[in-house]
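Chemist: Following this message is one structure expressed as structure tokens.
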Amino acid sequence: MSNKKSCTLLVVGAGPGGYVAAIRAGQLGLDTIIVEADRAGGTCLIRGCIPSKALIHAATRFEELSSHADSAKLGISLESTPKLNVEQLMDWKSGIVDKLNGGVEALLKKAGVELVKGWATFSDAKTCTVETPEGPLTIEAEHVLLSNGSSAVELPNMPYGDAVISSTEALSLAALPEHLVVIGAGYIGLELGIAYRKLGANVTFLEGRDRILPLYDKEMTRPIEAWLKKHKTPVLANAKVQSAKTENGKASVVYTGADGVEHTLVANKVLVTVGRAPNTKGWGLETMCIDMNGAFIKVDQMCRTAMKNVWAIGDLVGEPMLAHKASAQGEMVAEIIAGHRRAFDPVAIPAVCFTEPEIVGVGLTPDEAKAAGHDVIVGKFPFAAIGRALTMEAGTDGGFVRITARKEDHVILGIHAVGAHVSELSNEFALALEMGARLEDLAHTVHVHPTLGEATMEASLAALGKAIHITN
């Protein structure tokens with residue numbers, strides 16, 4: 001016979017949406033239980049954003065050290081080439097994950113939230129049974145928040161296993177593959193593929209569409225394409241993957257190229273990064289009388305589902321599948337349940353790719369703004385003219401900041417950037433759009449010198465036709 005518990009709020013999934021919601025609910029005095037089958041932190045913390053950024057950082061450090069062994073770069077030389085210990089790298093990465101996982105659990109405990117570890121299966125909209133190590137536990141709740149997240153999409157003819165891996169396995173490899181084939185040149189594939197190229201692996205991308213990062217315009221992706229070409233990392237566009245066969249620890253990937261001819265690539269590992277799908281199966285969604293929007297759960301601006309007092313957030317409710325979107329929605333839902341007046345209506349949600357160089361997008365591109373009927377003006381400023389960028393060896397990669405504004409009133413519609421460390425500028429970009437800033441607001445805000453952020457101010461000045469450090 002199972003034990004029973006009841007609560008005001010039951011959160012399913014302790015990812016960046018769920019655990020934030022639970023912590024905020026606990027702070028607001030709501031009796032809250034959160035259920036997680038894996039580890040607190042979810043995909044982002046355990047096997048996504050955080051470990052991938054650790055791998056990217058280590059790969060960049062390794063590449064930088066290697067450059068000093070080839071020549072006396074910056075007047076600094078190494079007598080020998082640095083050596084890579086993949087096992088130690090993965091241990092360091094796992095240490096960061098463990099620390100953050102422990103931090104999330106401590107924050108939940110401090111907020112008075114009960115963390116139940118196990119798989120939850122719903123028998124109706126407000127009742128679930130959790131298979132815990134101690135046995136089954138039935139939980140009844142007044143409110144249920146679904147934050148189950150998403151999983152990597154598996155190709156029909158290429159099941160995961162052996163040499164065919166998802167991003168999860170790519171973050172825990174025991175050895176550096178001599179040749180890594182990455183299927184999909186979106187942000188996940190490019191981030192991991194570039195990291196492994198920096199570590200010394202030969203990397204080949206197979207992309208089904210005609211170019212990398214199709215969500216960004218070609219002007220933005222050009223510096224990334226230049227890096228790939230410089231580092232002899234081929235991108236085979238318009239490639240339709242047919243199958244993969246594993247023999248003797250290697251995989252043979254069969255694909256149809258842009259020429260219409262069937263080709264074969266042999267690799268030690270094949271990383272499949274063709275997207276993610278919401279986790280809607282295997283836990284009783286069909287018992288909850290919830291409306292769907294295609295593959296996603298349908299919600300309104302308060303993240304309410306069709307069932308009263310059942311809420312859904314994050315990857316379950318659609319694009320963009322971003323951790324910071326889920327966190328913002330989770331905080332909002334907790335406050336609504338506590339009686340606050342809230343709605344999820346951001347002007348724009350920033351997106352960042354931690355490629356080489358990094359790429360940031362917030363709001364509309366010039367083409368998107370024109371398609372929406374706006375008459376626009378655009379200002380662009382290169383990092384090659386920013387002193388701080390040059391002192392960081394970051395000004396020669398073709399990077400820039402680009403601002404799109406309405407011509408009639410100079411209201412900023414979008415800010416995009418590509419270049420080293422531009423992810424750190426994304427929050428200023430998002431704030432500008434959220435506050436309804438005009439070009440004059442950014443142009444006349446005194447930016448610290450020397451910083452990369454000066455490029456934002458200079459791009460605004462360029463849009464106004466009065467750039468200082470480049471010729472208008």
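Quick note on naming: the chains in the structure tokens go A, B, ... in the order shown, residues restart at 1 in each chain, and ligands are numbered from 1 in order of appearance.
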Could you please write out, as a ChimeraX atom specification, every residue of region 190-431 of chain A that DSSP assigns to strand (DSSP E)?
Modeler: /A:202-206,235-236,240-247,250-256,262-267,269-272,276-278,292-293,296-297,310-312,351-353,358-363,376-382,400-406,412-419
Chemist: Find the spatial neighbours of region 23-38 of chain A, counting only C-alpha atoms, within a cut-off of 9 Å - ignore same-chain residues fewer than 5 positions away - and output them as a ChimeraX atom specification.
Modeler: /A:6-15,18,107-120,130-132,139,141,148,330-335,337-338
Chemist: Store the residues picked out above, limited to C-alpha atoms, as a CSV table (one decimal), in the first residue's frame.
Modeler:
```csv
chain,number,residue,atom,x,y,z
A,6,SER,CA,-1.1,16.3,-0.2
A,7,CYS,CA,0.1,19.8,-1.0
A,8,THR,CA,-0.9,23.2,-2.4
A,9,LEU,CA,1.5,23.0,-5.4
A,10,LEU,CA,3.0,19.9,-7.0
A,11,VAL,CA,5.9,20.7,-9.4
A,12,VAL,CA,6.8,17.9,-11.8
A,13,GLY,CA,10.4,18.2,-13.1
A,14,ALA,CA,13.2,20.0,-11.2
A,15,GLY,CA,14.8,21.7,-14.3
A,18,GLY,CA,10.5,23.7,-12.1
A,107,LEU,CA,17.9,26.2,-2.1
A,108,LEU,CA,14.8,24.0,-2.3
A,109,LYS,CA,15.3,22.9,1.3
A,110,LYS,CA,15.8,26.5,2.5
A,111,ALA,CA,12.6,27.5,0.8
A,112,GLY,CA,10.7,24.8,2.6
A,113,VAL,CA,10.1,22.7,-0.6
A,114,GLU,CA,10.0,18.9,-0.3
A,115,LEU,CA,12.1,17.2,-3.0
A,116,VAL,CA,10.7,13.7,-3.9
A,117,LYS,CA,13.0,11.7,-6.1
A,118,GLY,CA,11.3,9.3,-8.5
A,119,TRP,CA,9.1,9.0,-11.6
A,120,ALA,CA,5.7,10.5,-11.4
A,130,VAL,CA,5.8,8.5,-7.6
A,131,GLU,CA,8.0,5.4,-7.8
A,132,THR,CA,10.6,6.2,-5.1
A,139,ILE,CA,0.6,12.9,-4.1
A,141,ALA,CA,-2.3,18.6,-5.1
A,148,ASN,CA,8.9,17.9,-17.7
A,330,GLY,CA,8.1,29.2,-13.4
A,331,GLU,CA,8.6,32.3,-11.2
A,332,MET,CA,5.5,33.9,-12.7
A,333,VAL,CA,3.3,30.8,-12.1
A,334,ALA,CA,4.3,30.6,-8.5
A,335,GLU,CA,3.4,34.2,-8.0
A,337,ILE,CA,-0.9,30.9,-7.5
A,338,ALA,CA,0.1,33.0,-4.5
```
Chemist: Report the residues of region 88-231 of chain A whose backbone DSSP state falls under helix (DSSP H, G or I), written as an NGL selection string.
Modeler: :A and (88-110 or 167-170 or 187-199 or 218-230)
Chemist: Could you write those residues out with C-alpha atoms, as a CSV table (one decimal), in the first residue's frame?
Modeler:
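Final output, saved to again-v4.csv:
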```csv
chain,number,residue,atom,x,y,z
A,88,GLN,CA,40.4,14.7,-16.0
A,89,LEU,CA,38.5,17.2,-18.1
A,90,MET,CA,35.3,15.2,-17.7
A,91,ASP,CA,35.9,15.0,-13.9
A,92,TRP,CA,36.3,18.7,-13.7
A,93,LYS,CA,33.1,19.3,-15.7
A,94,SER,CA,31.2,16.8,-13.5
A,95,GLY,CA,32.5,18.6,-10.4
A,96,ILE,CA,30.9,21.8,-11.5
A,97,VAL,CA,27.6,19.9,-12.2
A,98,ASP,CA,27.7,18.3,-8.8
A,99,LYS,CA,28.3,21.6,-7.0
A,100,LEU,CA,25.4,23.3,-8.8
A,101,ASN,CA,23.1,20.3,-8.2
A,102,GLY,CA,23.9,20.4,-4.5
A,103,GLY,CA,23.2,24.2,-4.6
A,104,VAL,CA,19.8,23.7,-6.1
A,105,GLU,CA,18.8,21.0,-3.6
A,106,ALA,CA,20.0,23.3,-0.7
A,107,LEU,CA,17.9,26.2,-2.1
A,108,LEU,CA,14.8,24.0,-2.3
A,109,LYS,CA,15.3,22.9,1.3
A,110,LYS,CA,15.8,26.5,2.5
A,167,SER,CA,24.5,15.5,-26.8
A,168,THR,CA,24.2,13.8,-23.4
A,169,GLU,CA,26.8,11.2,-24.3
A,170,ALA,CA,28.9,13.8,-26.1
A,187,TYR,CA,23.3,25.6,-32.1
A,188,ILE,CA,23.8,22.4,-30.2
A,189,GLY,CA,25.7,20.6,-32.9
A,190,LEU,CA,27.9,23.6,-33.7
A,191,GLU,CA,28.7,24.3,-30.0
A,192,LEU,CA,29.8,20.7,-29.4
A,193,GLY,CA,31.4,20.2,-32.7
A,194,ILE,CA,33.5,23.3,-32.5
A,195,ALA,CA,34.6,22.4,-28.9
A,196,TYR,CA,35.8,18.9,-30.1
A,197,ARG,CA,37.6,20.5,-33.0
A,198,LYS,CA,39.4,22.8,-30.6
A,199,LEU,CA,40.4,19.7,-28.5
A,218,LYS,CA,23.8,35.0,-43.3
A,219,GLU,CA,25.5,38.3,-42.2
A,220,MET,CA,25.5,36.9,-38.6
A,221,THR,CA,26.8,33.5,-39.4
A,222,ARG,CA,29.6,34.6,-41.7
A,223,PRO,CA,32.2,34.9,-39.0
A,224,ILE,CA,31.4,31.3,-37.7
A,225,GLU,CA,31.7,30.0,-41.3
A,226,ALA,CA,35.1,31.7,-41.6
A,227,TRP,CA,36.3,30.0,-38.3
A,228,LEU,CA,35.1,26.6,-39.6
A,229,LYS,CA,36.9,27.1,-42.9
A,230,LYS,CA,40.1,28.3,-41.2
```
Chemist: Please determine, counting only C-alpha atoms, which residue among A:Gly200, A:Gly395, A:Gly149, A:Gly184 has the shortest atom-to-atom distance to Asn279 (chain A).
Modeler: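 Residue with the minimum atom-to-atom distance to Asn279 (chain A): A:Gly149.
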Chemist: Using Å and a single decimal, report how far CA of Leu171 (chain A) sits from CA of Ala351 (chain A).
Modeler: 21.4 Å
Chemist: Set the distance at 12 Å and use only C-alpha atoms: which residues neighbour Lys466 (chain A) once local chain neighbours fewer than 2 positions away are removed? I'd like the list as a count of residues only.
Modeler: 20
